[in-house]
file target35.cif (mmCIF, C-alpha atoms)
data_model
loop_
_atom_site.group_PDB
_atom_site.id
_atom_site.type_symbol
_atom_site.label_atom_id
_atom_site.label_comp_id
_atom_site.auth_asym_id
_atom_site.auth_seq_id
_atom_site.Cartn_x
_atom_site.Cartn_y
_atom_site.Cartn_z
ATOM 1 C CA MET A 1 267.646 132.755 -82.020
ATOM 2 C CA GLY A 2 269.252 131.385 -85.163
ATOM 3 C CA ILE A 3 270.058 127.723 -85.765
ATOM 4 C CA LEU A 4 273.765 128.323 -85.128
ATOM 5 C CA THR A 5 272.940 129.857 -81.752
ATOM 6 C CA TRP A 6 270.766 126.841 -80.862
ATOM 7 C CA ILE A 7 273.586 124.448 -81.849
ATOM 8 C CA LEU A 8 276.127 126.416 -79.809
ATOM 9 C CA LEU A 9 273.752 126.632 -76.844
ATOM 10 C CA GLY A 10 273.081 122.890 -77.220
ATOM 11 C CA LEU A 11 276.791 122.096 -77.181
ATOM 12 C CA VAL A 12 277.453 124.239 -74.109
ATOM 13 C CA VAL A 13 274.371 123.054 -72.223
ATOM 14 C CA GLY A 14 274.813 119.400 -73.194
ATOM 15 C CA ALA A 15 278.428 119.492 -71.993
ATOM 16 C CA LEU A 16 277.426 121.184 -68.719
ATOM 17 C CA ALA A 17 274.643 118.635 -68.168
ATOM 18 C CA LYS A 18 277.084 115.766 -68.750
ATOM 19 C CA LEU A 19 279.609 117.371 -66.377
ATOM 20 C CA SER A 20 276.962 117.684 -63.687
ATOM 21 C CA MET A 21 276.028 114.011 -64.136
ATOM 22 C CA PRO A 22 279.281 112.102 -64.541
ATOM 23 C CA GLY A 23 279.032 108.593 -65.872
ATOM 24 C CA ASP A 24 279.358 106.558 -69.007
ATOM 25 C CA ASP A 25 276.974 107.816 -71.655
ATOM 26 C CA PRO A 26 276.520 106.134 -74.991
ATOM 27 C CA GLY A 27 276.942 108.528 -77.881
ATOM 28 C CA GLY A 28 279.451 111.230 -78.605
ATOM 29 C CA ILE A 29 279.444 114.935 -79.255
ATOM 30 C CA ILE A 30 276.442 114.799 -81.629
ATOM 31 C CA VAL A 31 274.277 113.140 -78.964
ATOM 32 C CA THR A 32 275.519 115.713 -76.425
ATOM 33 C CA ILE A 33 274.516 118.584 -78.744
ATOM 34 C CA LEU A 34 271.122 117.035 -79.498
ATOM 35 C CA ILE A 35 270.389 116.463 -75.804
ATOM 36 C CA GLY A 36 271.477 120.052 -75.104
ATOM 37 C CA ILE A 37 269.233 121.507 -77.816
ATOM 38 C CA ALA A 38 266.261 119.340 -76.835
ATOM 39 C CA GLY A 39 266.974 120.179 -73.192
ATOM 40 C CA ALA A 40 266.874 123.881 -74.032
ATOM 41 C CA PHE A 41 263.443 123.423 -75.598
ATOM 42 C CA LEU A 42 262.243 121.327 -72.639
ATOM 43 C CA GLY A 43 263.697 123.769 -70.105
ATOM 44 C CA GLY A 44 262.099 126.703 -71.918
ATOM 45 C CA PHE A 45 258.746 124.918 -71.978
ATOM 46 C CA ILE A 46 258.928 124.034 -68.266
ATOM 47 C CA GLY A 47 260.101 127.552 -67.405
ATOM 48 C CA SER A 48 257.255 129.210 -69.277
ATOM 49 C CA MET A 49 254.704 126.790 -67.750
ATOM 50 C CA LEU A 50 255.994 127.648 -64.255
ATOM 51 C CA GLY A 51 256.142 131.353 -65.086
ATOM 52 C CA VAL A 52 259.875 131.655 -64.406
ATOM 53 C CA GLY A 53 260.893 132.560 -67.961
ATOM 54 C CA SER A 54 261.955 130.914 -71.184
ATOM 55 C CA ILE A 55 264.983 130.516 -73.423
ATOM 56 C CA THR A 56 265.792 133.961 -74.797
ATOM 57 C CA GLY A 57 269.472 133.653 -75.726
ATOM 58 C CA PHE A 58 272.822 133.441 -73.991
ATOM 59 C CA ASN A 59 271.964 134.626 -70.504
ATOM 60 C CA MET A 60 272.121 132.958 -67.112
ATOM 61 C CA GLY A 61 268.380 132.276 -66.827
ATOM 62 C CA SER A 62 268.187 130.664 -70.254
ATOM 63 C CA ILE A 63 271.276 128.558 -69.655
ATOM 64 C CA LEU A 64 270.005 127.353 -66.254
ATOM 65 C CA LEU A 65 266.611 126.411 -67.725
ATOM 66 C CA ALA A 66 268.343 124.620 -70.594
ATOM 67 C CA ILE A 67 270.626 122.715 -68.188
ATOM 68 C CA VAL A 68 267.627 121.573 -66.113
ATOM 69 C CA GLY A 69 265.895 120.368 -69.277
ATOM 70 C CA SER A 70 269.065 118.639 -70.477
ATOM 71 C CA ILE A 71 269.613 116.862 -67.153
ATOM 72 C CA ILE A 72 266.025 115.572 -67.281
ATOM 73 C CA LEU A 73 266.615 114.290 -70.819
ATOM 74 C CA LEU A 74 269.974 112.779 -69.853
ATOM 75 C CA ILE A 75 268.317 110.858 -67.008
ATOM 76 C CA VAL A 76 265.635 109.573 -69.406
ATOM 77 C CA TYR A 77 268.265 108.767 -72.076
ATOM 78 C CA ARG A 78 270.389 106.797 -69.610
ATOM 79 C CA PHE A 79 267.339 104.925 -68.358
ATOM 80 C CA ILE A 80 266.323 103.934 -71.899
ATOM 81 C CA LYS A 81 269.857 103.119 -73.095
ATOM 82 C CA ARG A 82 271.073 101.183 -70.080
ATOM 83 C CA PRO A 83 271.712 97.483 -70.683
ATOM 84 C CA HIS A 84 268.882 95.231 -69.611
ATOM 85 C CA HIS A 85 269.990 92.141 -67.697
ATOM 86 C CA GLY A 86 268.172 88.836 -67.306
ATOM 87 C CA HIS A 87 264.964 89.598 -69.166
#
call {"tool": "encode", "arguments": {"input": "target35.cif", "output": "structure tokens"}}
result
Amino acid sequence: MGILTWILLGLVVGALAKLSMPGDDPGGIIVTILIGIAGAFLGGFIGSMLGVGSITGFNMGSILLAIVGSIILLIVYRFIKRPHHGH
């Protein structure tokens, strides 16, 4: 896949991950795209390790793997970025 395809996939997947996990996230559209792209890589890695497939383009399996990866990254991102109180 070309870089433009990765950016587009990242935008779509990042937006879907944010929609599936409503809440206040720091960062705007750039952070959403980056989480989506990184999530696609993570989802593809996890998928190939589990033998269920990898990211091959715009198809349902690739998008689902990318969303799973993006949700994992969004959880980690929120955990790291949340305000720390009293310490």
call {"tool": "residues_around", "arguments": {"input": "target35.cif", "residues": "region 64-66 of chain A", "least_positions_apart": "6", "cutoff": "6 Å", "atoms": "only C-alpha atoms", "output": "ChimeraX atom specification"}}
result
/A:39-40,43
call {"tool": "axis_aligned_box", "arguments": {"input": "target35.cif", "around": "region 69-72 of chain A", "padding_each_side": "4 Å", "output": "JSON"}}
result
{"center_x": 267.8, "center_y": 118.0, "center_z": -68.8, "size_x": 11.7, "size_y": 12.8, "size_z": 11.3}
call {"tool": "residues_around", "arguments": {"input": "target35.cif", "residues": "region 7-18 of chain A", "least_positions_apart": "6", "cutoff": "7 Å", "atoms": "all atoms listed in the file", "output": "ChimeraX atom specification"}}
result
/A:32-37,63,66-67,70-71
call {"tool": "closest_residue", "arguments": {"input": "target35.cif", "among": "A:Asn59, A:Val76, A:Gly28, A:Gly69", "to": "Gly47 (chain A)", "atoms": "only C-alpha atoms"}}
result
A:Gly69
call {"tool": "atom_distance", "arguments": {"input": "target35.cif", "atom1": "CA of Ile72 (chain A)", "atom2": "CA of Ile3 (chain A)"}}
result
22.5 Å
call {"tool": "atom_distance", "arguments": {"input": "target35.cif", "atom1": "CA of Leu19 (chain A)", "atom2": "CA of Phe45 (chain A)"}}
result
22.9 Å
call {"tool": "closest_residue", "arguments": {"input": "target35.cif", "among": "A:Met60, A:Trp6, A:Gly51, A:Ala38", "to": "Leu74 (chain A)", "atoms": "all atoms listed in the file"}}
result
A:Ala38
call {"tool": "atom_distance", "arguments": {"input": "target35.cif", "atom1": "CA of Phe41 (chain A)", "atom2": "CA of Leu73 (chain A)"}}
result
10.8 Å
